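Engineer: Pasting query.cif here (mmCIF, C-alpha atoms):
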data_start
#
loop_
_atom_site.group_PDB
_atom_site.id
_atom_site.type_symbol
_atom_site.label_atom_id
_atom_site.label_comp_id
_atom_site.auth_asym_id
_atom_site.auth_seq_id
_atom_site.Cartn_x
_atom_site.Cartn_y
_atom_site.Cartn_z
ATOM 1 C CA MET A 1 101.360 102.791 137.659
ATOM 2 C CA PRO A 2 100.817 103.454 141.413
ATOM 3 C CA SER A 3 99.972 100.476 143.584
ATOM 4 C CA PRO A 4 96.480 100.178 145.077
ATOM 5 C CA GLY A 5 96.267 102.097 148.320
ATOM 6 C CA SER A 6 99.340 104.214 147.584
ATOM 7 C CA GLU A 7 97.155 107.286 147.120
ATOM 8 C CA GLU A 8 95.607 106.832 150.589
ATOM 9 C CA ARG A 9 99.062 106.323 152.120
ATOM 10 C CA GLY A 10 100.326 109.496 150.441
ATOM 11 C CA GLU A 11 97.360 111.464 151.771
ATOM 12 C CA ALA A 12 97.875 110.049 155.243
ATOM 13 C CA MET A 13 101.554 111.058 155.194
ATOM 14 C CA LYS A 14 100.651 114.611 154.111
ATOM 15 C CA ALA A 15 97.974 114.870 156.795
ATOM 16 C CA ARG A 16 100.405 113.524 159.415
ATOM 17 C CA GLU A 17 102.934 116.239 158.550
ATOM 18 C CA GLU A 18 100.357 119.058 158.613
ATOM 19 C CA GLN A 19 98.410 118.190 161.776
ATOM 20 C CA PRO A 20 99.460 117.795 165.386
ATOM 21 C CA PRO A 21 99.482 114.186 166.633
ATOM 22 C CA MET A 22 96.220 112.564 167.663
ATOM 23 C CA VAL A 23 95.522 109.862 170.216
ATOM 24 C CA PHE A 24 92.767 107.387 169.353
ATOM 25 C CA LEU A 25 90.624 106.238 172.282
ATOM 26 C CA CYS A 26 88.259 103.304 172.681
ATOM 27 C CA GLY A 27 84.727 104.643 172.342
ATOM 28 C CA GLY A 28 83.617 102.437 175.236
ATOM 29 C CA CYS A 29 86.120 102.884 178.053
ATOM 30 C CA LYS A 30 88.225 105.784 176.657
ATOM 31 C CA ARG A 31 91.523 103.885 176.895
ATOM 32 C CA ALA A 32 94.209 104.902 174.429
ATOM 33 C CA VAL A 33 94.363 102.343 171.618
ATOM 34 C CA GLY A 34 96.691 104.039 169.120
ATOM 35 C CA ASP A 35 97.964 107.321 167.740
ATOM 36 C CA SER A 36 98.397 109.127 164.457
ATOM 37 C CA LEU A 37 102.176 108.625 164.478
ATOM 38 C CA ASP A 38 101.423 105.045 163.345
ATOM 39 C CA TRP A 39 98.701 106.129 160.916
ATOM 40 C CA GLU A 40 99.157 104.444 157.557
ATOM 41 C CA ALA A 41 95.926 105.298 155.694
ATOM 42 C CA ASN A 42 92.152 105.725 155.849
ATOM 43 C CA ASP A 43 89.708 103.312 154.281
ATOM 44 C CA GLU A 44 86.530 105.220 153.449
ATOM 45 C CA ASP A 45 84.699 102.070 152.267
ATOM 46 C CA THR A 46 85.024 100.313 155.617
ATOM 47 C CA ARG A 47 85.206 103.560 157.671
ATOM 48 C CA SER A 48 88.515 102.461 159.158
ATOM 49 C CA LEU A 49 91.852 103.906 160.174
ATOM 50 C CA LEU A 50 94.797 101.733 159.167
ATOM 51 C CA LEU A 51 97.579 101.802 161.760
ATOM 52 C CA ARG A 52 100.994 100.122 161.739
ATOM 53 C CA SER A 53 100.811 99.458 165.478
ATOM 54 C CA VAL A 54 98.411 99.827 168.393
ATOM 55 C CA SER A 55 98.723 100.034 172.165
ATOM 56 C CA PRO A 56 98.858 96.932 174.373
ATOM 57 C CA THR A 57 95.258 97.625 175.454
ATOM 58 C CA ILE A 58 94.104 95.988 172.214
ATOM 59 C CA LYS A 59 93.813 92.206 172.225
ATOM 60 C CA VAL A 60 93.957 90.255 168.975
ATOM 61 C CA ASP A 61 91.539 87.328 168.788
ATOM 62 C CA LYS A 62 93.685 84.697 167.063
ATOM 63 C CA GLU A 63 90.631 82.917 165.635
ATOM 64 C CA GLN A 64 90.765 83.803 161.946
ATOM 65 C CA LYS A 65 87.525 84.542 160.110
ATOM 66 C CA LEU A 66 86.603 85.189 156.490
ATOM 67 C CA SER A 67 85.415 88.725 155.772
ATOM 68 C CA ASP A 68 81.664 89.206 155.274
ATOM 69 C CA TRP A 69 82.133 92.089 152.811
ATOM 70 C CA PRO A 70 81.718 91.143 149.122
ATOM 71 C CA GLU A 71 84.557 93.563 148.219
ATOM 72 C CA GLU A 72 86.846 91.679 150.589
ATOM 73 C CA ARG A 73 86.183 88.158 149.356
ATOM 74 C CA GLY A 74 89.127 85.969 150.285
ATOM 75 C CA CYS A 75 90.323 88.082 153.233
ATOM 76 C CA MET A 76 91.231 86.346 156.489
ATOM 77 C CA LEU A 77 90.740 88.585 159.515
ATOM 78 C CA GLU A 78 91.487 88.554 163.216
ATOM 79 C CA THR A 79 89.243 90.628 165.476
ATOM 80 C CA LEU A 80 90.665 93.512 167.532
ATOM 81 C CA ILE A 81 89.139 93.824 171.003
ATOM 82 C CA CYS A 82 89.638 96.460 173.719
ATOM 83 C CA SER A 83 90.979 94.741 176.826
ATOM 84 C CA GLY A 84 89.305 97.348 179.029
ATOM 85 C CA CYS A 85 85.670 96.936 177.986
ATOM 86 C CA GLU A 86 85.729 94.018 175.499
ATOM 87 C CA MET A 87 84.389 96.258 172.711
ATOM 88 C CA THR A 88 85.201 95.085 169.174
ATOM 89 C CA LEU A 89 87.264 97.861 167.590
ATOM 90 C CA GLY A 90 88.138 96.446 164.194
ATOM 91 C CA SER A 91 90.285 93.782 162.610
ATOM 92 C CA ILE A 92 93.725 92.958 161.312
ATOM 93 C CA TYR A 93 94.006 91.528 157.802
ATOM 94 C CA ARG A 94 96.173 88.384 157.738
ATOM 95 C CA CYS A 95 95.460 87.175 154.199
ATOM 96 C CA THR A 96 94.267 89.432 151.373
ATOM 97 C CA PRO A 97 93.729 89.300 147.630
ATOM 98 C CA ARG A 98 96.222 91.324 145.595
ATOM 99 C CA HIS A 99 94.050 94.479 145.365
ATOM 100 C CA LEU A 100 93.908 94.656 149.190
ATOM 101 C CA ASP A 101 97.561 93.831 149.932
ATOM 102 C CA TYR A 102 98.068 97.375 151.276
ATOM 103 C CA LYS A 103 95.857 96.384 154.259
ATOM 104 C CA ARG A 104 97.725 93.212 155.153
ATOM 105 C CA ASP A 105 99.049 93.116 158.733
ATOM 106 C CA LEU A 106 97.722 96.610 159.446
ATOM 107 C CA TYR A 107 95.411 97.313 162.352
ATOM 108 C CA CYS A 108 92.111 98.490 160.886
ATOM 109 C CA LEU A 109 90.154 100.344 163.563
ATOM 110 C CA ASN A 110 86.515 101.211 162.904
ATOM 111 C CA ILE A 111 86.151 104.991 163.348
ATOM 112 C CA ASP A 112 82.617 104.537 164.692
ATOM 113 C CA CYS A 113 84.147 102.750 167.710
ATOM 114 C CA LEU A 114 86.773 105.419 168.396
ATOM 115 C CA GLU A 115 87.132 108.858 169.850
ATOM 116 C CA SER A 116 90.200 111.007 169.370
ATOM 117 C CA TYR A 117 92.186 113.675 171.141
ATOM 118 C CA THR A 118 94.506 116.087 169.342
ATOM 119 C CA LEU A 119 97.657 116.809 171.325
ATOM 120 C CA GLY A 120 98.049 120.495 172.081
ATOM 121 C CA SER A 121 94.325 121.175 171.832
ATOM 122 C CA ALA A 122 93.829 121.970 175.513
ATOM 123 C CA GLY A 123 92.016 125.247 176.047
ATOM 124 C CA LYS A 124 93.981 126.457 179.062
ATOM 125 C CA LYS A 125 97.524 127.627 178.589
ATOM 126 C CA ALA A 126 100.201 128.352 181.163
ATOM 127 C CA ASP A 127 100.886 132.031 181.827
ATOM 128 C CA VAL A 128 104.456 132.171 180.565
ATOM 129 C CA ASP A 129 104.551 135.983 180.447
ATOM 130 C CA LYS A 130 105.227 136.121 184.188
ATOM 131 C CA GLU A 131 108.839 136.260 185.290
ATOM 132 C CA PRO A 132 110.052 132.831 186.401
ATOM 133 C CA LEU A 133 111.494 132.386 189.876
ATOM 134 C CA THR A 134 115.270 132.498 189.524
ATOM 135 C CA PHE A 135 118.039 132.550 192.121
ATOM 136 C CA GLY A 136 118.213 136.355 191.874
ATOM 137 C CA SER A 137 114.469 136.887 192.225
ATOM 138 C CA GLN A 138 114.353 134.236 194.976
ATOM 139 C CA ALA A 139 116.970 136.197 196.990
ATOM 140 C CA ILE A 140 114.912 139.393 196.651
ATOM 141 C CA LEU A 141 111.775 137.518 197.701
ATOM 142 C CA GLU A 142 113.525 136.008 200.741
ATOM 143 C CA GLU A 143 114.829 139.469 201.759
ATOM 144 C CA SER A 144 111.289 140.891 201.532
ATOM 145 C CA LEU A 145 109.959 138.024 203.645
ATOM 146 C CA GLU A 146 112.665 138.629 206.308
ATOM 147 C CA ARG A 147 111.745 142.342 206.468
ATOM 148 C CA ALA A 148 108.057 141.438 206.826
ATOM 149 C CA GLU A 149 108.913 138.935 209.594
ATOM 150 C CA THR A 150 110.980 141.569 211.454
ATOM 151 C CA THR A 151 108.132 144.100 211.177
ATOM 152 C CA LEU A 152 105.590 141.543 212.442
ATOM 153 C CA LYS A 153 107.818 140.680 215.440
ATOM 154 C CA ALA A 154 108.172 144.383 216.319
ATOM 155 C CA LEU A 155 104.392 144.865 216.057
ATOM 156 C CA GLU A 156 103.799 141.759 218.195
ATOM 157 C CA HIS A 157 106.158 143.153 220.856
ATOM 158 C CA ARG A 158 104.392 146.565 220.840
ATOM 159 C CA LEU A 159 100.983 144.873 221.065
ATOM 160 C CA SER A 160 102.079 142.812 224.063
ATOM 161 C CA LEU A 161 103.278 146.051 225.779
ATOM 162 C CA VAL A 162 99.905 147.696 225.161
ATOM 163 C CA GLU A 163 98.057 144.629 226.430
ATOM 164 C CA SER A 164 100.183 144.465 229.603
ATOM 165 C CA GLY A 165 99.504 148.192 230.145
ATOM 166 C CA PHE A 166 95.765 147.549 229.958
ATOM 167 C CA ALA A 167 96.087 144.632 232.355
ATOM 168 C CA SER A 168 97.664 146.881 235.015
ATOM 169 C CA LEU A 169 94.838 149.461 234.863
ATOM 170 C CA PRO A 170 92.115 149.281 237.500
ATOM 171 C CA ASN A 171 88.881 147.715 236.371
ATOM 172 C CA ASN A 172 86.948 150.993 236.925
ATOM 173 C CA GLY A 173 84.023 149.122 238.343
ATOM 174 C CA ARG A 174 83.424 147.005 235.243
ATOM 175 C CA ASP A 175 82.992 143.306 235.686
ATOM 176 C CA GLU A 176 84.763 141.001 233.391
ATOM 177 C CA LEU A 177 82.598 139.301 230.797
#
Could you write out this file's structure as structure tokens?

Structural biologist:
Amino acid sequence: MPSPGSEERGEAMKAREEQPPMVFLCGGCKRAVGDSLDWEANDEDTRSLLLRSVSPTIKVDKEQKLSDWPEERGCMLETLICSGCEMTLGSIYRCTPRHLDYKRDLYCLNIDCLESYTLGSAGKKADVDKEPLTFGSQAILEESLERAETTLKALEHRLSLVESGFASLPNNGRDEL
């Protein structure tokens, strides 16, 4: 007979293998609080994600409280708080009855207090079809730049000759502006 919660853990493992990793963010200040690599299960009844670990931005209030939920009678909880905005994000179960042992010592984050970001979901992609700059292509580029510089210097010299020729011409009765 499978243990309680083993079905949720199995589903979470399958989902973890099929989907790219996700980062969970505090719904208040948008700080990263955890990721799907530590995802253990979902709890539909409490609308929570169960994670094995969370980021250091989560503070654990060491004052233990009894759960208010009738289904969780006998559970001792510690509150999880975002250190950035002081928002309550969920709880960690420290003492549970047998049917909730799968939740013990897991971080249970309320999904209504979270936002998420899927890695690799950015809309803009780098244009990797262009040829990268290599030593060979860099040498060709430098040679082209040297030719352009030589041409510009020759044109500058010719322009200065034309300008000096104009300067030596009489003013033909025109006043300078």

Engineer: Residues picked by the PyMOL selection byres ((chain A and resi 35-51) around 6) here, as JSON, numbers by chain?

Structural biologist: {"A": [8, 9, 12, 21, 22, 23, 24, 34, 52, 53, 106, 107, 108, 109, 110, 111]}

Engineer: Write the residues of the selection above to a file with C-alpha atoms, as an mmCIF file, keeping the file's coordinate frame.

Structural biologist:
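Result went into out01.cif, see below:
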data_model
loop_
_atom_site.group_PDB
_atom_site.id
_atom_site.type_symbol
_atom_site.label_atom_id
_atom_site.label_comp_id
_atom_site.auth_asym_id
_atom_site.auth_seq_id
_atom_site.Cartn_x
_atom_site.Cartn_y
_atom_site.Cartn_z
ATOM 1 C CA GLU A 8 95.607 106.832 150.589
ATOM 2 C CA ARG A 9 99.062 106.323 152.120
ATOM 3 C CA ALA A 12 97.875 110.049 155.243
ATOM 4 C CA PRO A 21 99.482 114.186 166.633
ATOM 5 C CA MET A 22 96.220 112.564 167.663
ATOM 6 C CA VAL A 23 95.522 109.862 170.216
ATOM 7 C CA PHE A 24 92.767 107.387 169.353
ATOM 8 C CA GLY A 34 96.691 104.039 169.120
ATOM 9 C CA ARG A 52 100.994 100.122 161.739
ATOM 10 C CA SER A 53 100.811 99.458 165.478
ATOM 11 C CA LEU A 106 97.722 96.610 159.446
ATOM 12 C CA TYR A 107 95.411 97.313 162.352
ATOM 13 C CA CYS A 108 92.111 98.490 160.886
ATOM 14 C CA LEU A 109 90.154 100.344 163.563
ATOM 15 C CA ASN A 110 86.515 101.211 162.904
ATOM 16 C CA ILE A 111 86.151 104.991 163.348
#

Engineer: Quick check, in Å to one decimal: how far apart do CA of Pro56 (chain A) and CA of Tyr117 (chain A) lie?

Structural biologist: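 Going from CA of Pro56 (chain A) over to CA of Tyr117 (chain A), I get 18.3 Å.
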
Engineer: Find the residue from A:Leu155, A:Ile140, A:Met76, A:Leu89 that sits nearest to Val33 (chain A); use all atoms listed in the file when measuring.

Structural biologist: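 Counting all atoms listed in the file, the residue closest to Val33 (chain A) is A:Leu89.
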
Engineer: I'd like the neighbourhood of Gln64 (chain A) as an MDAnalysis selection string, where a residue qualifies if any of its atoms comes within 9 Å (using all atoms listed in the file), though same-chain residues fewer than 3 positions away should be ignored.

Structural biologist: chainID A and resid 61 76:79 94

Engineer: Closest to Ser83 (chain A) among A:Leu114, A:Ile58, A:Leu159, A:Cys26, using all atoms listed in the file?

Structural biologist: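 The shortest atom-to-atom distance to Ser83 (chain A) comes from A:Ile58.
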
Engineer: In Å, with one decimal, what is the gap from CA of Gln19 (chain A) to CA of Met87 (chain A)?

Structural biologist: 28.2 Å

Engineer: Using all atoms listed in the file, can you tell me which of A:Arg147, A:Ala32, A:Pro20, A:Ser91 comes closest to Val60 (chain A)?

Structural biologist: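 Ranking A:Arg147, A:Ala32, A:Pro20, A:Ser91 by distance to Val60 (chain A), first place goes to A:Ser91.
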
Engineer: Using only C-alpha atoms, which of the listed residues (A:Leu141, A:Cys113, A:Ile92, A:Ala167) sits closest to Leu25 (chain A)?

Structural biologist: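 Going through A:Leu141, A:Cys113, A:Ile92, A:Ala167 one by one, the smallest distance to Leu25 (chain A) is for A:Cys113.
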
Engineer: Check the smallest atom-to-atom distance from each of A:Gly120, A:Gly84, A:Gly165, A:Gly136 to Gly28 (chain A) using all atoms listed in the file, then report the winner.

Structural biologist: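 Going through A:Gly120, A:Gly84, A:Gly165, A:Gly136 one by one, the smallest distance to Gly28 (chain A) is for A:Gly84.
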
Engineer: How many Å separate CA of Thr57 (chain A) from CA of Leu119 (chain A)?

Structural biologist: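 It comes out at 19.8 Å.
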
Engineer: Please evaluate the PyMOL selection byres ((chain A and resi 66) around 6) against the structure above and give the resulting residues as a PyMOL selection string.

Structural biologist: chain A and resi 65+67+75-76

Engineer: Would you fill the gaps in region 52-77 of chain A so it has N, CA and C atoms, then print it as a short mmCIF file (atom, residue, chain, number, x, y, z; two decimals), in the coordinates of the input?

Structural biologist:
data_model
loop_
_atom_site.label_atom_id
_atom_site.label_comp_id
_atom_site.auth_asym_id
_atom_site.auth_seq_id
_atom_site.Cartn_x
_atom_site.Cartn_y
_atom_site.Cartn_z
N ARG A 52 99.91 101.10 161.74
CA ARG A 52 100.99 100.12 161.74
C ARG A 52 101.13 99.41 163.08
N SER A 53 100.76 100.09 164.16
CA SER A 53 100.81 99.46 165.48
C SER A 53 99.73 100.07 166.36
N VAL A 54 99.41 99.37 167.44
CA VAL A 54 98.41 99.83 168.39
C VAL A 54 98.97 99.63 169.80
N SER A 55 98.26 100.16 170.78
CA SER A 55 98.72 100.03 172.16
C SER A 55 98.43 98.63 172.69
N PRO A 56 99.08 98.27 173.78
CA PRO A 56 98.86 96.93 174.37
C PRO A 56 97.44 96.73 174.92
N THR A 57 96.64 97.78 174.97
CA THR A 57 95.26 97.62 175.45
C THR A 57 94.37 96.91 174.44
N ILE A 58 94.88 96.72 173.23
CA ILE A 58 94.10 95.99 172.21
C ILE A 58 94.54 94.53 172.21
N LYS A 59 93.56 93.64 172.33
CA LYS A 59 93.81 92.21 172.22
C LYS A 59 93.47 91.77 170.81
N VAL A 60 94.24 90.82 170.29
CA VAL A 60 93.96 90.26 168.98
C VAL A 60 93.40 88.86 169.18
N ASP A 61 92.16 88.66 168.73
CA ASP A 61 91.54 87.33 168.79
C ASP A 61 92.17 86.50 167.67
N LYS A 62 92.93 85.49 168.04
CA LYS A 62 93.68 84.70 167.06
C LYS A 62 92.81 83.80 166.19
N GLU A 63 91.53 83.71 166.49
CA GLU A 63 90.63 82.92 165.64
C GLU A 63 90.41 83.69 164.33
N GLN A 64 90.89 83.13 163.23
CA GLN A 64 90.76 83.80 161.95
C GLN A 64 89.39 83.55 161.34
N LYS A 65 88.85 84.61 160.72
CA LYS A 65 87.52 84.54 160.11
C LYS A 65 87.61 85.09 158.69
N LEU A 66 86.71 84.62 157.84
CA LEU A 66 86.60 85.19 156.49
C LEU A 66 85.77 86.46 156.56
N SER A 67 86.16 87.47 155.79
CA SER A 67 85.42 88.72 155.77
C SER A 67 84.02 88.52 155.19
N ASP A 68 83.04 89.26 155.74
CA ASP A 68 81.66 89.21 155.27
C ASP A 68 81.42 90.15 154.10
N TRP A 69 82.32 91.09 153.86
CA TRP A 69 82.13 92.09 152.81
C TRP A 69 82.40 91.47 151.44
N PRO A 70 81.49 91.67 150.47
CA PRO A 70 81.72 91.14 149.12
C PRO A 70 83.00 91.69 148.48
N GLU A 71 83.34 92.95 148.79
CA GLU A 71 84.56 93.56 148.22
C GLU A 71 85.83 92.96 148.80
N GLU A 72 85.69 92.26 149.92
CA GLU A 72 86.85 91.68 150.59
C GLU A 72 86.84 90.16 150.53
N ARG A 73 86.25 89.61 149.51
CA ARG A 73 86.18 88.16 149.36
C ARG A 73 87.60 87.59 149.36
N GLY A 74 87.81 86.60 150.20
CA GLY A 74 89.13 85.97 150.28
C GLY A 74 90.00 86.52 151.40
N CYS A 75 89.53 87.51 152.14
CA CYS A 75 90.32 88.08 153.23
C CYS A 75 90.14 87.28 154.52
N MET A 76 91.25 86.98 155.17
CA MET A 76 91.23 86.35 156.49
C MET A 76 91.52 87.43 157.52
N LEU A 77 90.65 87.52 158.52
CA LEU A 77 90.74 88.58 159.51
C LEU A 77 90.88 88.02 160.92
#
